[in-house]
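Before any comments, here is the structure.
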Amino acid sequence: MSQVKSKNLESKCVHAGIEKYEFGPVVPPIYQTSTFQFENTAHGAALFKGEKNGYIYTRMKNPTVEAMENAVADLEGGYKALGCASGMGAISTIFTALLKNGDHVICSKSVYGPTTTLLATIFSKFGVEVSFVDTDIDGEIEKAIKPNTRVVYVETPGNPTLAVTDLKKASDVAHKNNALVVVDNTFMSPILQRPFEFGVDVILHSMTKFLNGHADVVAGIIVVKDEEMYSLMRKTLNQMGGVIDPFNSFLVHRGLKTLAIRMEKHTINGQKVAEYLEKHPKVEWVRYTGLKSHPNYEVALKQHSQQGGMISFELKGGYKAGEILMDNVKFCLLAVSLGGVETLIQHPASMTHLTMGEAARKEAGITEGLIRLSVGIENYQDIIDDLEQALSKI
């Protein structure tokens with residue numbers, strides 16, 4: 001693990017995961033190799049038996065990957081982490097490790113679309129039952145609990161509605177019923193929200209987003225609290241093969257160094273843009289956890305150290321208004337994904353959630369005029385000016 005003893009997250013972002021390497025590099029080297037040499041047969045046998053610490057094959061473990069994993073685990077306050085080829089790779093690994101035929105999962109309704117699809121169409125084939133629940137509403141998790149509930153899966157804030165789930169209450173209910181709590185912490189990052197402090201068992205991120213922060217990597221990570229869970233996840237990931245490669249690990253580790261200062265700027269900009277949108281006559285409502293109008297504003301204040309850069313808002317004029325806004329932005333980039341230094345905007349009803357159909361979108365709280373905005377680190381006035389000119393076209 002990291003040699004840094006500081007409890008300060010800004011310092012950890014810069015130093016976490018850095019070990020002493022041969023020749024003294026300040027940055028962990030990229031070990032771009034598929035396999036590693038053994039000193040002799042006894043050494044190889046000891047590595048395979050787990051009697052010695054070392055490296056065998058990059059799918060199993062790699063120094064560059066391990067440095068990044070240790071950095072993220074340190075930031076989250078976890079035991080260890082496991083780098084994956086994508087956020088969905090992390091989610092698939094977790095469900096595969098924790099679930100079996102006959103198990104039941106409770107999942108947030110407001111959740112990354114492919115997570116819903118994975119549970120409803122893939123894991124259901126193997127006899128896993130799923131209930132999609134408004135986990136942000138008090139009592140809904142408890143009502144959905146069954147004797148065979150194994151996992152309560154929460155994304156908070158939720159994608160794309162920014163629904164906020166009380167993690168302490170969710171953890172208390174789950175543990176009382178012998179279930180584990182898994183949290184997708186992508187929207188907040190460990191700088192703004194630390195789920196382990198509220199009793200959560202497993203954390204995951206799409207590192208494609210804020211952790212990397214530069215829209216040039218696809219990656220995911222799983223963070224665990226103890227050796228037993230780490231061993232289970234590691235065996236599952238190694239067998240499934242969805243591991244991150246050394247070069248992408250290097251890029252993510254580099255992105256982590258500026259994570260704290262980026263999240264601070266995302267928050268400053270997010271607050272300014274949300275306040276502007278809330279006053280605009282063509283906007284029906286705004287969901288931003290830094291606004292008092294957010295339904296779970298008090299929970300957000302308790303769980304988040306800052307409020308980040310994710311905003312959703314509803315346009316008056318519905319679906320057509322969403323299309324017009326998308327076709328007229330010039331500074332904001334019309335693209336899916338989020339968490340980069342650049343501001344990204346998208347219209348879920350005509351883009352990421354189009355294939356769900358109107359009825360399914362309505363059930364998930366994804367309205368026809370809903371816009372998801374990932375506020376970047378540019379000058380906030382440029383973002384507001386662009387939204388102003390685009391909104392004037394509606």
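Chains: A, B, ... in order of the structure tokens. Residues: from 1 per chain. Ligands: from 1, in order shown.
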Just the residues within 12 Å of Ser92 of chain A, please, counting only C-alpha atoms, with nothing from its chain fewer than 3 positions along; format it as a count of residues only.
-> 30
For Tyr319 of chain A: contacts at 6 Å, only C-alpha atoms, fewer than 3 positions along chain excluded, given as a list of chain:residue names = A:Gly322, A:Glu368, A:Gly369
Would you mind exporting N, CA and C atoms of the selected residues as a PDB file, in the first residue's frame?
ATOM      1  N   GLY A 322     -36.272  19.259 -25.496  1.00  0.00           N
ATOM      2  CA  GLY A 322     -34.977  18.613 -25.284  1.00  0.00           C
ATOM      3  C   GLY A 322     -34.179  18.514 -26.568  1.00  0.00           C
ATOM      4  N   GLU A 368     -39.746  13.220 -20.248  1.00  0.00           N
ATOM      5  CA  GLU A 368     -39.451  13.492 -21.660  1.00  0.00           C
ATOM      6  C   GLU A 368     -38.584  14.737 -21.864  1.00  0.00           C
ATOM      7  N   GLY A 369     -38.643  15.670 -20.929  1.00  0.00           N
ATOM      8  CA  GLY A 369     -37.841  16.881 -21.066  1.00  0.00           C
ATOM      9  C   GLY A 369     -36.624  16.908 -20.163  1.00  0.00           C
TER      10      GLY A 369
END
When DSSP works through the backbone of this structure, what residues of segment 77-280 of chain A end up as helix (DSSP H, G or I), shown as an NGL selection string?
-> :A and (87-98 or 113-126 or 140-144 or 167-176 or 189-192 or 195-198 or 227-240 or 246-256 or 259-278)
Within 10 Å of segment 336-357 of chain A: each segment 182-205 of chain A residue with its shortest pair, only C-alpha atoms, as CSV:
residue,atom,partner,partner_atom,distance
A:Thr186,CA,A:Gly339,CA,8.6
A:Phe187,CA,A:Gly339,CA,7.6
A:Met188,CA,A:Gly339,CA,9.4
A:Ser189,CA,A:Gly339,CA,9.6
For Leu251 of chain A, work out the shell of residues within 10 Å, counting only C-alpha atoms and skipping chain neighbours fewer than 5 positions away, then give it as a PyMOL selection string.
-> chain A and resi 30+68+212-214+216-217+246+256
For Val152 of chain A, list every protein, DNA or RNA residue within 8 Å, evaluated using only C-alpha atoms, and leave out those in the same chain fewer than 6 positions away; present the list as a PDB file with C-alpha atoms, in the first residue's frame.
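Below is the file that was written, result_18.pdb:
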ATOM      1  CA  VAL A 105     -31.407  -8.194  -5.492  1.00  0.00           C
ATOM      2  CA  ILE A 106     -32.884  -4.825  -4.593  1.00  0.00           C
ATOM      3  CA  CYS A 107     -31.666  -2.185  -7.052  1.00  0.00           C
ATOM      4  CA  ALA A 170     -29.950   1.520   3.644  1.00  0.00           C
ATOM      5  CA  ALA A 174     -29.781  -4.521   4.677  1.00  0.00           C
ATOM      6  CA  ALA A 179     -27.880  -8.606   2.952  1.00  0.00           C
ATOM      7  CA  LEU A 180     -24.853  -6.740   1.640  1.00  0.00           C
ATOM      8  CA  VAL A 181     -24.894  -3.144   0.401  1.00  0.00           C
ATOM      9  CA  VAL A 182     -23.107  -2.299  -2.852  1.00  0.00           C
TER      10      VAL A 182
END
Test item, strand (DSSP E) assignment across segment 195-331 of chain A, answer as a ChimeraX atom specification = /A:202-206,220-224,283-287,310-315
Quick one: residues within 10 Å of Thr135 of chain A, only C-alpha atoms counted, chain neighbours fewer than 3 positions away excluded, as a list of chain:residue names?
->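 Residues near the query, excluding close chain neighbours: A:Ile106, A:Cys107, A:Ser108, A:Lys109, A:Ser110, A:Phe132, A:Asp138, A:Gly139, A:Glu140, A:Ile141, A:Glu142, A:Ala144, A:Val152, A:Tyr153, A:Val154, A:Glu155, A:Thr156, A:Gly158, A:Ala163, A:Val164, A:Thr165, A:Asp166, A:Leu167, A:Ala170.
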Hey, can you check how far atom CA of Pro160 of chain A sits from atom CA of Glu314 of chain A?
->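 Atom CA of Pro160 of chain A sits 11.5 Å away from atom CA of Glu314 of chain A.
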Selection near Glu129 of chain A, 7 Å with only C-alpha atoms, sequence-local residues under 3 positions removed, as an MDAnalysis selection string | chainID A and resid 102:105 124
Calculate how many Å separate atom CA of Ile371 of chain A from atom CA of Phe313 of chain A, rounding to one decimal.
-> 5.3 Å
Residue neighbourhood segment 259-270 of chain A, 6 Å, only C-alpha atoms, exclusion window fewer than 3 positions, as a ChimeraX atom specification | /A:10,256,273-274,307-309,375-377,380
